[in-house]
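To keep things clear, I will list the structure first and then write my remarks on it.
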Amino acid sequence: MLTRITCLFAAALLAACSDGNNHPPVVGPALAPLEESVALTSGPILGQGSERADTWEWLGVPYAAAPVGELRWKAPREVTSWTDTRAAQALPPECPQFDFFGQYVGQEDCLYLNVWRPRSQERDLPVMVWIHGGGNNSGATNWPLYNGAKLASEANIVVVTIQYRLGPLGWLYYAPLQDGDSDDNSGNFGTLDIIAALRWVQDNIAAFGGDPGNVTADGESAGGADILSLMLIQQASGLFQKAIVQSAGGSVTATDKAADAAARLVEELMALEGVTERPRTDAEMAAYLRGKSAQEIISNNPGTPAIFGDGHVIPAAGYELFESGEFPGKVPLLIGTNKDEFKLYTNPLGYNVLPGASEELRAVVGRYVSDLWRVTGADSIATRLRALDDYPDIYVYRFNWGSPNADGKSPLPLNFGPTGGAHHASEIPFMFGNWDTFLLDQFKDLLFTEDNAASREAISGVMVDYWGSFIRQGDPNGGSQPPWSPWSNAENGFKAIVLDVNYDDNQPLIGEDYSAWTVESVLAEVQANVVEPLLSELMPYLERWLGD
């Protein structure tokens, strides 16, 4: 769905509620004081108070064994237990990847998660598990915008953020490695990591005051695609009761294409070393690959895909099952996209995938690929699932903060309204309650100014209210915001709310959208509004997005 460069990095950019005082606290055994340890199934840990909000936090908690040595390219194994109290007070290192600036970072021992909860004695709190984006090639829980302290406090929930293996260390379908059980053979190691983290939540979240029977999986970009794939997986059934999918991007890859990509990776590695005599047996080839460093593997990756329809973990039919309804994860769904998703990539300060292009080409690619992202990331999914008789309510949003309004006004400074707008991942800090953070610290002071602080805080309050209500009950209503109706497939039925702020007085502006966009409707807009020769320059980007 994305070009290699976009796929590789789309991920990098890649994020609720009432105040939590409108329901009585659940009476139960007192939680352990912060000074004492929390008893997990694997051993005791000690957290700390958050400096960001009135919450407790436990950081860098292992949920699976380190996937190193013989455990590289194996399904996650149980973490080794410990007896002495373990400090859980520092965010974990990221999984191996290249960061936004092209620097290699991370370590393979990276299967950790973080927990935040309000400083109270309330038990049976709703739980949100966050799956970060990054094209399944990058991303980590140590990014400031993923800090769960404010969301936990303001929404009165438990927030869990997880890490999972990335790139060819997380997804590799290669026959010489398939010498174990069916999970090992699937190649979906990153997917299985996410499932292992959700199982950890089932086994341990009550120790933090969370309710294992009220878990919402929330993911953005590739994290959203990961959640959509979890809905197809029998092993994940029952591990979460609700789902939030933000700006989903990605697809389920056929195993023949996955195998071809893995073979190209191996050829790249051996060519770099000048290997003339290939390993002769599968065991020798597996040993050769496990002898390579993580950096060598990541550096020489020609673009291996993720999420394989292996037929064991993930059904071979993939998202086509959303048509037939033959999948187990029919859970209430909140899903949506941002108005200007792809402008993160066309903007020169973003991923700048069009170096040297004219401003006109940047503008039309940014607009119309964003429009297709709305189709593939929300509208087509909602339309298919709503057609199923037994699917629960689906709530769809459009995030518009930052995009110019009808008068051309935007809260973003300089020219970033039209060239950046409501770009990919821009909703994440607001949804987490972190309206004072930005995707990259280097750009925060440039884009988040004193002039737009009030509008940032306003839209964040709206999102925390809606998201928190949905996490509690599978319905975003019930807080202090305007009513949000579920998606209807009726011709003139309600489709989505529009999340924005009035740029004149900084007050929330919640709109209603009654239109369902399709690939055909977007392409018709293109034909009506873009003329040659710009049209011919634009079409390859649209076709690439659609996989043509």
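Convention: chains lettered A, B, ... in structure tokens order; per-chain residue numbering from 1; ligands numbered from 1 as shown.
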Note to self: Among stretch 392-490 of chain A, which residues does DSSP mark as alpha helix (DSSP H) when it is run on the backbone? Keep the chain and numbering as in the structure and answer as an NGL selection string.
What the structure shows: :A and (416-419 or 428-431 or 441-447 or 453-473)
Stretch 433-510 of chain A residues near stretch 139-157 of chain A within 10 Å, closest pair each, using only C-alpha atoms, as a Markdown table:
| residue | atom | partner | partner_atom | distance |
| --- | --- | --- | --- | --- |
| A:Gly433 | CA | A:Leu151 | CA | 5.5 |
| A:Asn434 | CA | A:Leu145 | CA | 6.2 |
| A:Trp435 | CA | A:Leu145 | CA | 8.6 |
| A:Asp436 | CA | A:Leu145 | CA | 8.8 |
| A:Thr437 | CA | A:Leu145 | CA | 5.8 |
| A:Phe438 | CA | A:Leu145 | CA | 6.5 |
| A:Leu439 | CA | A:Leu145 | CA | 6.6 |
| A:Leu440 | CA | A:Trp143 | CA | 8.6 |
| A:Asp441 | CA | A:Pro144 | CA | 8.5 |
| A:Gly461 | CA | A:Glu154 | CA | 9.1 |
| A:Val464 | CA | A:Ala155 | CA | 6.6 |
| A:Asp465 | CA | A:Ala155 | CA | 7.0 |
| A:Tyr466 | CA | A:Ala155 | CA | 9.4 |
| A:Trp467 | CA | A:Ala155 | CA | 8.3 |
| A:Gly468 | CA | A:Ala155 | CA | 5.1 |
| A:Ser469 | CA | A:Ala155 | CA | 7.9 |
| A:Ile471 | CA | A:Ile157 | CA | 8.2 |
| A:Arg472 | CA | A:Ile157 | CA | 8.0 |
Notebook entry, point to check: So how many Å separate atom CA of A:Ile195 and atom CA of A:Asn300, to one decimal?
Noted result: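 Atom CA of A:Asn300 lies at a distance of 27.9 Å from atom CA of A:Ile195.
By chain and then residue number, the residues within 12 Å of A:Gln295 are Cys95, Pro96, Gln97, Phe98, Gln103, Tyr104, Val105, Gly106, Gln107, Glu108, Gly167, Pro168, Leu169, Leu269, Asn300 and Asn301 of chain A, counting only C-alpha atoms and disregarding those fewer than 5 positions away in sequence.
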I need the chosen residues saved as an mmCIF file, in the first residue's frame, with C-alpha atoms.
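Just written: again_25.cif:
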data_model
loop_
_atom_site.group_PDB
_atom_site.id
_atom_site.type_symbol
_atom_site.label_atom_id
_atom_site.label_comp_id
_atom_site.auth_asym_id
_atom_site.auth_seq_id
_atom_site.Cartn_x
_atom_site.Cartn_y
_atom_site.Cartn_z
ATOM 1 C CA CYS A 95 13.659 -2.484 19.422
ATOM 2 C CA PRO A 96 16.313 -2.328 16.648
ATOM 3 C CA GLN A 97 15.449 0.274 14.002
ATOM 4 C CA PHE A 98 16.565 3.428 12.231
ATOM 5 C CA GLN A 103 20.630 6.606 13.011
ATOM 6 C CA TYR A 104 20.587 2.957 14.052
ATOM 7 C CA VAL A 105 19.193 2.596 17.581
ATOM 8 C CA GLY A 106 17.838 -0.091 19.885
ATOM 9 C CA GLN A 107 18.554 -3.575 21.120
ATOM 10 C CA GLU A 108 16.943 -6.969 20.617
ATOM 11 C CA GLY A 167 11.134 -5.109 10.641
ATOM 12 C CA PRO A 168 12.692 -8.435 9.605
ATOM 13 C CA LEU A 169 13.321 -9.291 13.262
ATOM 14 C CA LEU A 269 23.465 -10.023 3.399
ATOM 15 C CA ASN A 300 20.431 -4.590 4.628
ATOM 16 C CA ASN A 301 16.683 -5.046 4.644
#
Could you make a table, as CSV, of the residues of stretch 308-342 of chain A that have an atom within 9 Å of an atom of stretch 380-383 of chain A, each with its nearest atom pair and distance in Å to one decimal, counting only C-alpha atoms, in chain and number order?
residue,atom,partner,partner_atom,distance
A:Phe322,CA,A:Ile381,CA,7.8
A:Leu333,CA,A:Ala382,CA,8.9
A:Ile335,CA,A:Ala382,CA,8.0
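Take atom CA of A:Ala263 and atom CA of A:Met231: the distance between them is 29.3 Å.
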Next item on the list: Just give me the gap between atom CA of A:Gln89 and atom CA of A:Trp200 in Å, one decimal is fine.
Entry: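 Here the two named atoms are 18.7 Å from each other.
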Taking only C-alpha atoms into account, produce a table as a Markdown table in which each residue of stretch 464-490 of chain A with an atom at most 12 Å from an atom of stretch 397-402 of chain A appears once, together with its shortest atom pair and the distance in Å to one decimal, ordered by chain and rising number.
| residue | atom | partner | partner_atom | distance |
| --- | --- | --- | --- | --- |
| A:Tyr466 | CA | A:Tyr397 | CA | 10.6 |
| A:Trp467 | CA | A:Tyr397 | CA | 11.1 |
| A:Pro476 | CA | A:Tyr397 | CA | 11.0 |
| A:Trp484 | CA | A:Tyr397 | CA | 9.3 |
| A:Ser485 | CA | A:Tyr397 | CA | 10.5 |
| A:Pro486 | CA | A:Tyr397 | CA | 10.1 |
| A:Trp487 | CA | A:Tyr397 | CA | 9.7 |
Checklist line | Long-range neighbours of A:Ser488 as a PyMOL selection string, 10 Å cut-off, only C-alpha atoms, 4 positions minimum in chain | finding: chain A and resi 382-383+386-387+393-395+492-496+514+516
Write out, as a PDB file, in the first residue's frame, the residues just selected, with C-alpha atoms.
ATOM      1  CA  ALA A 382     -16.646   0.733   8.508  1.00  0.00           C
ATOM      2  CA  THR A 383     -18.817   0.056   5.457  1.00  0.00           C
ATOM      3  CA  ARG A 386     -21.449  -2.373   9.358  1.00  0.00           C
ATOM      4  CA  ALA A 387     -22.905  -4.644   6.648  1.00  0.00           C
ATOM      5  CA  ASP A 393     -21.572  -0.307  16.759  1.00  0.00           C
ATOM      6  CA  ILE A 394     -18.749   1.440  14.885  1.00  0.00           C
ATOM      7  CA  TYR A 395     -17.817   5.049  15.634  1.00  0.00           C
ATOM      8  CA  ASN A 492     -28.087   9.562   4.052  1.00  0.00           C
ATOM      9  CA  GLY A 493     -27.143   8.015   7.361  1.00  0.00           C
ATOM     10  CA  PHE A 494     -24.685   9.453   9.843  1.00  0.00           C
ATOM     11  CA  LYS A 495     -21.068   8.525   9.116  1.00  0.00           C
ATOM     12  CA  ALA A 496     -18.557  10.386  11.290  1.00  0.00           C
ATOM     13  CA  TYR A 514     -22.820  12.102   6.296  1.00  0.00           C
ATOM     14  CA  ALA A 516     -18.859   7.733   2.822  1.00  0.00           C
TER      15      ALA A 516
END
Margin query: When you look at stretch 356-370 of chain A with a cut-off of 6 Å (counting only C-alpha atoms), what residues show up, excluding the ones that are within fewer than 3 positions of it in the same chain? I need them as a list in words.
Written below: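 Using only C-alpha atoms, the neighbours found are Asp340, Glu341, Phe342, Lys343, Thr346 and Trp373 of chain A.
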